[in-house]
file start-v1.txt (compact mmCIF, C-alpha atoms)
# COMPACT_ATOMS: atom_id res chain seq x y z
CA MET W 314 -14.98 8.90 13.71
CA ILE W 315 -12.71 11.61 15.07
CA GLU W 316 -9.02 12.10 14.34
CA LEU W 317 -6.72 11.38 17.26
CA ALA W 318 -3.70 13.36 18.41
CA PRO W 319 -0.34 11.55 18.24
CA ASP W 320 0.09 11.48 22.02
CA ARG W 321 -2.92 9.15 22.33
CA LEU W 322 -1.56 6.49 19.97
CA PRO W 323 0.56 4.20 22.18
CA VAL W 324 -2.51 2.94 24.06
CA LEU W 325 -4.34 2.18 20.80
CA THR W 326 -1.66 0.36 18.85
CA ARG W 327 -2.53 -2.91 20.61
CA TRP W 328 -5.80 -2.90 18.67
CA LEU W 329 -4.05 -3.34 15.34
CA PRO W 330 -2.11 -6.26 13.86
CA THR W 331 1.68 -6.03 14.05
CA GLY W 332 4.77 -7.89 12.86
CA ALA W 333 3.09 -9.54 9.87
CA PRO W 334 3.03 -8.98 6.10
CA GLY W 335 -0.11 -7.46 4.61
CA PRO W 336 -2.42 -4.90 6.24
CA ALA W 337 -0.44 -4.87 9.49
CA VAL W 338 2.29 -2.75 7.91
CA VAL W 339 -0.13 0.16 7.31
CA GLY W 340 -0.51 0.99 11.00
CA GLU W 341 3.16 0.39 11.68
CA HIS W 342 4.12 2.70 8.82
CA VAL W 343 1.90 5.52 10.09
CA LEU W 344 3.19 5.09 13.64
CA GLY W 345 6.82 5.08 12.49
CA THR W 346 6.69 7.89 9.93
CA GLY W 347 3.89 10.11 11.21
CA ILE W 348 2.37 10.12 7.71
CA GLY W 349 -1.31 9.21 7.82
CA HIS W 350 -4.21 9.47 10.25
CA TRP W 351 -5.56 7.69 13.32
CA TRP W 352 -9.29 7.61 14.00
CA ALA W 353 -11.58 6.45 16.81
CA ASP W 354 -15.31 6.56 17.49
CA ARG W 355 -14.64 8.64 20.62
CA PRO W 356 -11.56 10.12 22.33
CA ASP W 357 -11.88 8.21 25.62
CA ARG W 358 -12.28 4.44 25.83
CA PRO W 359 -12.90 4.02 22.09
CA ARG W 360 -14.78 0.99 20.82
CA ALA W 361 -13.50 1.20 17.24
CA VAL W 362 -10.13 2.40 15.92
CA ALA W 363 -8.87 2.95 12.38
CA VAL W 364 -5.58 3.99 10.82
CA SER W 365 -5.30 5.29 7.25
CA CYS W 366 -2.53 6.17 4.83
CA ALA W 367 -2.32 6.66 1.06
CA GLY W 368 -5.86 5.42 0.45
CA TYR W 369 -5.60 2.30 2.64
CA ALA W 370 -7.27 1.87 6.03
CA VAL W 371 -7.24 -0.78 8.77
CA LEU W 372 -10.33 -0.88 11.00
CA ARG W 373 -10.56 -2.83 14.26
CA GLY W 374 -12.70 -3.02 17.41
CA THR W 375 -16.44 -3.43 17.53
CA PRO W 376 -18.97 -1.93 15.07
CA ASP W 377 -21.79 -1.72 17.62
CA ALA W 378 -21.57 2.03 18.18
CA LEU W 379 -20.69 3.08 14.63
CA THR W 380 -23.12 5.08 12.52
CA PRO W 381 -22.83 5.71 8.77
CA GLU W 382 -21.81 9.29 9.52
CA SER W 383 -19.01 8.19 11.85
CA LEU W 384 -17.41 6.11 9.08
CA ALA W 385 -17.40 8.96 6.55
CA PRO W 386 -13.64 9.70 6.99
CA LEU W 387 -12.93 6.28 5.43
CA ALA W 388 -14.72 7.09 2.17
CA HIS W 389 -12.67 6.30 -0.97
CA HIS W 390 -10.32 4.03 0.99
CA TYR W 391 -9.43 0.38 0.65
CA ILE W 392 -10.55 -0.91 4.05
CA ASP W 393 -9.25 -4.01 5.83
CA ALA W 394 -11.74 -4.98 8.54
CA PRO W 395 -13.17 -8.14 10.13
CA ALA W 396 -16.43 -9.45 8.69
CA ARG W 397 -18.39 -8.11 11.66
CA PHE W 398 -17.87 -4.58 10.26
CA LEU W 399 -19.38 -5.30 6.85
CA PRO W 400 -23.03 -4.40 7.68
CA ALA W 401 -21.91 -1.04 9.08
CA LEU W 402 -19.63 -0.39 6.10
CA ARG W 403 -22.34 -1.29 3.58
CA SER W 404 -24.73 1.17 5.19
CA ALA W 405 -22.09 3.91 5.32
CA PHE W 406 -21.09 4.08 1.63
CA ASP W 407 -22.88 4.20 -1.69
CA ARG W 408 -20.86 1.17 -2.75
CA LEU W 409 -18.57 -1.33 -1.07
CA THR W 410 -16.56 -3.46 -3.46
CA PRO W 411 -14.79 -6.62 -2.29
CA TRP W 412 -11.29 -6.95 -3.72
CA GLU W 413 -9.34 -10.18 -3.34
CA ARG W 414 -5.71 -9.67 -2.42
CA MET W 415 -2.55 -11.78 -2.25
CA VAL W 416 0.29 -11.45 0.26
CA TRP W 417 3.74 -12.68 -0.75
CA THR W 418 7.09 -12.78 1.02
CA LEU W 419 10.60 -13.06 -0.38
CA GLN W 420 11.62 -16.71 -0.23
CA ALA W 421 13.81 -17.39 -3.30
CA GLU W 422 16.59 -15.87 -5.35
CA PRO W 423 15.43 -13.44 -8.08
CA HIS W 424 15.91 -14.16 -11.76
CA ARG W 425 18.98 -12.21 -12.79
CA THR W 426 18.72 -10.02 -15.89
CA PRO W 427 21.34 -7.59 -17.22
CA THR W 428 20.63 -3.88 -16.98
CA PRO W 429 20.54 -2.31 -20.47
CA ARG W 430 23.64 -0.34 -21.43
CA GLY W 431 23.53 3.31 -20.44
CA LEU W 432 21.22 2.77 -17.48
CA THR W 433 22.06 2.74 -13.78
CA VAL W 434 20.09 1.24 -10.90
CA ARG W 435 20.70 3.32 -7.77
CA ARG W 436 19.11 4.56 -4.60
CA LEU W 437 16.79 7.55 -4.90
CA GLU W 438 18.25 10.81 -3.63
CA PRO W 439 16.65 14.11 -2.57
CA ARG W 440 17.58 15.61 -5.95
CA ASP W 441 15.25 13.07 -7.61
CA ALA W 442 12.11 14.65 -6.13
CA ARG W 443 11.30 16.67 -9.24
CA SER W 444 11.82 13.66 -11.53
CA LEU W 445 9.52 11.61 -9.30
CA ALA W 446 6.86 14.31 -9.49
CA VAL W 447 6.79 14.19 -13.30
CA LEU W 448 7.42 10.45 -13.69
CA ASP W 449 3.96 9.67 -15.07
CA SER W 450 0.40 10.87 -14.53
CA ASP W 451 -0.53 7.44 -13.11
CA ALA W 452 2.51 7.10 -10.81
CA SER W 453 1.66 9.41 -7.92
CA TRP W 454 0.48 6.47 -5.81
CA ILE W 455 4.06 5.25 -5.44
CA HIS W 456 5.07 8.20 -3.24
CA ASP W 457 1.75 8.97 -1.52
CA ALA W 458 2.66 6.93 1.56
CA TRP W 459 5.76 9.11 2.03
CA GLY W 460 3.89 12.40 1.81
CA GLY W 461 4.84 13.11 -1.82
CA PRO W 462 7.86 12.99 -4.16
CA ALA W 463 10.22 14.80 -1.79
CA GLY W 464 9.34 12.46 1.04
CA LEU W 465 10.11 9.32 -0.95
CA ALA W 466 13.22 10.79 -2.57
CA SER W 467 14.75 11.60 0.82
CA SER W 468 13.46 8.53 2.68
CA GLY W 469 16.29 6.17 1.73
CA HIS W 470 13.64 3.56 0.86
CA GLY W 471 13.51 3.88 -2.94
CA TRP W 472 15.57 2.63 -5.89
CA ALA W 473 15.36 3.68 -9.52
CA ALA W 474 16.60 2.82 -12.99
CA VAL W 475 18.09 6.03 -14.36
CA ASP W 476 19.35 6.91 -17.84
CA ARG W 477 22.41 9.03 -18.65
CA ALA W 478 20.34 12.22 -18.51
CA GLY W 479 19.20 11.41 -14.98
CA GLU W 480 15.64 10.58 -16.06
CA LEU W 481 13.78 7.99 -13.97
CA LEU W 482 12.54 5.05 -16.01
CA ALA W 483 11.42 2.73 -13.20
CA VAL W 484 11.08 3.05 -9.44
CA ALA W 485 10.74 0.48 -6.65
CA SER W 486 10.13 1.58 -3.09
CA THR W 487 9.04 0.50 0.35
CA HIS W 488 5.38 1.40 0.15
CA PHE W 489 4.63 0.75 3.82
CA ARG W 490 7.43 0.19 6.32
CA GLY W 491 6.54 -2.15 9.17
CA THR W 492 8.49 -3.23 12.21
CA LEU W 493 9.44 -6.53 10.57
CA TYR W 494 8.14 -6.43 7.00
CA GLU W 495 8.48 -3.75 4.32
CA ASP W 496 5.83 -3.84 1.61
CA VAL W 497 7.33 -3.37 -1.85
CA SER W 498 5.83 -1.36 -4.72
CA VAL W 499 7.14 -0.73 -8.22
CA PHE W 500 6.30 1.44 -11.21
CA THR W 501 7.84 1.32 -14.68
CA ARG W 502 7.16 3.94 -17.30
CA PRO W 503 4.88 2.44 -19.98
CA ASP W 504 7.41 3.12 -22.77
CA GLN W 505 10.15 1.29 -20.83
CA ARG W 506 8.34 -1.92 -19.96
CA ARG W 507 9.56 -5.42 -20.98
CA LEU W 508 13.17 -4.35 -20.32
CA HIS W 509 13.12 -5.87 -16.79
CA LEU W 510 13.83 -2.48 -15.22
CA GLY W 511 11.19 -3.00 -12.56
CA LEU W 512 12.75 -6.35 -11.65
CA ALA W 513 16.20 -4.76 -11.36
CA CYS W 514 14.85 -2.04 -9.04
CA VAL W 515 12.90 -4.53 -6.90
CA THR W 516 15.96 -6.77 -6.57
CA ALA W 517 18.11 -3.84 -5.40
CA LEU W 518 15.42 -2.68 -2.97
CA CYS W 519 14.99 -6.17 -1.51
CA GLY W 520 18.73 -6.38 -0.86
CA ASP W 521 18.48 -3.06 0.94
CA ILE W 522 15.49 -4.19 3.03
CA THR W 523 17.25 -7.40 4.01
CA ALA W 524 20.38 -5.46 4.99
CA ARG W 525 18.20 -3.42 7.38
CA GLY W 526 17.19 -6.65 9.12
CA HIS W 527 13.66 -6.52 7.69
CA ARG W 528 11.80 -8.86 5.33
CA PRO W 529 10.40 -7.82 1.93
CA SER W 530 6.70 -8.45 1.32
CA TRP W 531 4.41 -7.97 -1.66
CA ASN W 532 0.71 -7.15 -1.69
CA CYS W 533 -1.34 -7.13 -4.88
CA SER W 534 -4.75 -7.81 -6.37
CA THR W 535 -5.47 -11.35 -7.55
CA LEU W 536 -6.55 -9.70 -10.81
CA ASN W 537 -3.15 -8.12 -11.43
CA ARG W 538 -1.39 -10.81 -13.46
CA ALA W 539 1.60 -8.59 -14.29
CA SER W 540 2.21 -7.93 -10.60
CA ARG W 541 1.96 -11.62 -9.72
CA LEU W 542 4.44 -12.52 -12.44
CA LEU W 543 6.91 -9.85 -11.33
CA ALA W 544 6.60 -10.95 -7.70
CA TRP W 545 7.39 -14.57 -8.64
CA THR W 546 10.30 -13.57 -10.86
CA ALA W 547 11.74 -11.42 -8.05
CA GLY W 548 11.68 -14.38 -5.64
CA PHE W 549 8.42 -13.76 -3.77
CA ARG W 550 6.10 -16.65 -2.94
CA LEU W 551 2.46 -16.57 -1.92
CA VAL W 552 1.73 -16.93 1.80
CA ARG W 553 -1.97 -16.08 2.05
CA GLU W 554 -4.97 -14.40 0.48
CA TYR W 555 -7.48 -12.02 2.00
CA VAL W 556 -10.21 -9.56 1.00
CA HIS W 557 -10.36 -5.84 1.57
CA HIS W 558 -13.16 -3.53 0.47
CA ALA W 559 -13.10 -0.43 -1.71
CA ALA W 560 -15.43 2.15 -0.20
CA GLY W 561 -17.23 4.69 -2.35
CA SER W 562 -18.75 8.00 -1.29
CA PRO W 563 -20.77 8.38 1.91
CA ALA W 564 -24.25 6.95 1.36
CA ARG W 565 -27.17 9.30 0.96
CA ASN W 566 -30.46 8.59 2.73
CA GLY W 567 -29.10 5.25 3.87
CA ARG W 568 -29.30 3.79 0.37
CA PRO W 569 -26.01 2.13 -0.56
CA THR W 570 -25.64 0.47 -3.94
CA PRO W 571 -24.28 -3.06 -4.43
CA GLY W 572 -20.51 -3.35 -4.84
CA ARG W 573 -18.65 -4.80 -7.79
CA HIS W 574 -15.05 -5.63 -8.50
CA PRO W 575 -12.86 -2.71 -9.56
CA SER W 576 -11.35 -3.03 -13.00
CA GLY W 577 -9.78 -0.97 -15.76
CA LYS W 578 -8.37 2.32 -14.53
CA ALA W 579 -9.40 1.67 -10.93
CA ALA W 580 -7.24 -1.43 -10.77
CA ALA W 581 -4.44 -0.12 -12.96
CA ALA W 582 -4.02 3.03 -10.89
CA PHE W 583 -2.36 1.00 -8.17
CA GLY W 584 0.23 -0.50 -10.52
CA ALA W 585 2.02 -3.38 -8.82
CA ARG W 586 -0.30 -3.16 -5.82
call {"tool": "encode", "arguments": {"input": "start-v1.txt", "output": "structure tokens"}}
result
Amino acid sequence: MIELAPDRLPVLTRWLPTGAPGPAVVGEHVLGTGIGHWWADRPDRPRAVAVSCAGYAVLRGTPDALTPESLAPLAHHYIDAPARFLPALRSAFDRLTPWERMVWTLQAEPHRTPTPRGLTVRRLEPRDARSLAVLDSDASWIHDAWGGPAGLASSGHGWAAVDRAGELLAVASTHFRGTLYEDVSVFTRPDQRRLHLGLACVTALCGDITARGHRPSWNCSTLNRASRLLAWTAGFRLVREYVHHAAGSPARNGRPTPGRHPSGKAAAAFGAR
């Protein structure tokens, strides 16, 4: 697939889902922020279109004209695509792993917990970029969809639990911002967990999202029990389940290997997602 210039996007947005929680917010986020990439099998009258950001991709259209080589830009992405694309995807990558997902929306009041003394829950500010960058070696995913720490810190879409020294202990942010829904993500430093700091940040962020006239949503793996528990405690309720696929490296000699569920570090790297 080839990357498309921004001036070609309005005609193609009708291909992708909109106004719904879940994968729809990926395309809307890229269109609204300019962070990410748009792809098509050809520049004129495309038959397949994809949008990607922060390791996630949404693929729509018809797979008839796609070759394994044309799908190579989607390697190492989590791909949401109709079932008709699966034969083409399996032939394009050395592995294709199905991953069951859950979509939640905010429907209830959160459980209220006091913030520990000496800590403040506040909106992220541009001066927090450096602290975001050194938050934790496994936390970079939380700002990838905003182009990096500076992007998230200045976006107005993040909240953090901060100690007296200004150190970030937990962060909740809009991971993907859609036209109606904003997908929530959260990361708490391992040494600060079980203090409900993530819940406090999520609660503040959800109030912010609602004040913007949008609806908070939550997207996580069915295997991520901690994320499911936090979602429920924060007032989210399950609305549907779906499957996306983790693509490996481009296949060599047309010999893909069978997929398997991600686990361990692969699953943990996405934290609450």
call {"tool": "closest_residue", "arguments": {"input": "start-v1.txt", "among": "W:Gly491, W:Pro563, W:Pro503, W:Pro376", "to": "His342 of chain W", "atoms": "all atoms listed in the file"}}
result
W:Gly491
call {"tool": "atom_distance", "arguments": {"input": "start-v1.txt", "atom1": "atom CA of Arg358 of chain W", "atom2": "atom CA of Pro386 of chain W"}}
result
19.6 Å
call {"tool": "closest_residue", "arguments": {"input": "start-v1.txt", "among": "W:Ser486, W:Asn532, W:Thr516, W:Gln505", "to": "Asp449 of chain W", "atoms": "only C-alpha atoms"}}
result
W:Gln505
call {"tool": "residues_around", "arguments": {"input": "start-v1.txt", "residues": "Asp354 of chain W", "least_positions_apart": "5", "cutoff": "8 Å", "atoms": "only C-alpha atoms", "output": "list in words"}}
result
Met314, Ile315, Pro359, Arg360, Ala361, Val362, Ala378, Leu379 and Ser383 of chain W
call {"tool": "closest_residue", "arguments": {"input": "start-v1.txt", "among": "W:Ala564, W:Leu510, W:Leu543, W:Ala517", "to": "Pro427 of chain W", "atoms": "only C-alpha atoms"}}
result
W:Leu510
call {"tool": "closest_residue", "arguments": {"input": "start-v1.txt", "among": "W:Trp459, W:Leu508, W:Ala560, W:Val515", "to": "Gly345 of chain W", "atoms": "only C-alpha atoms"}}
result
W:Trp459
call {"tool": "atom_distance", "arguments": {"input": "start-v1.txt", "atom1": "atom CA of Leu372 of chain W", "atom2": "atom CA of Arg408 of chain W"}}
result
17.4 Å
call {"tool": "closest_residue", "arguments": {"input": "start-v1.txt", "among": "W:Leu432, W:Gly464, W:His558, W:Leu536", "to": "Gly347 of chain W", "atoms": "only C-alpha atoms"}}
result
W:Gly464
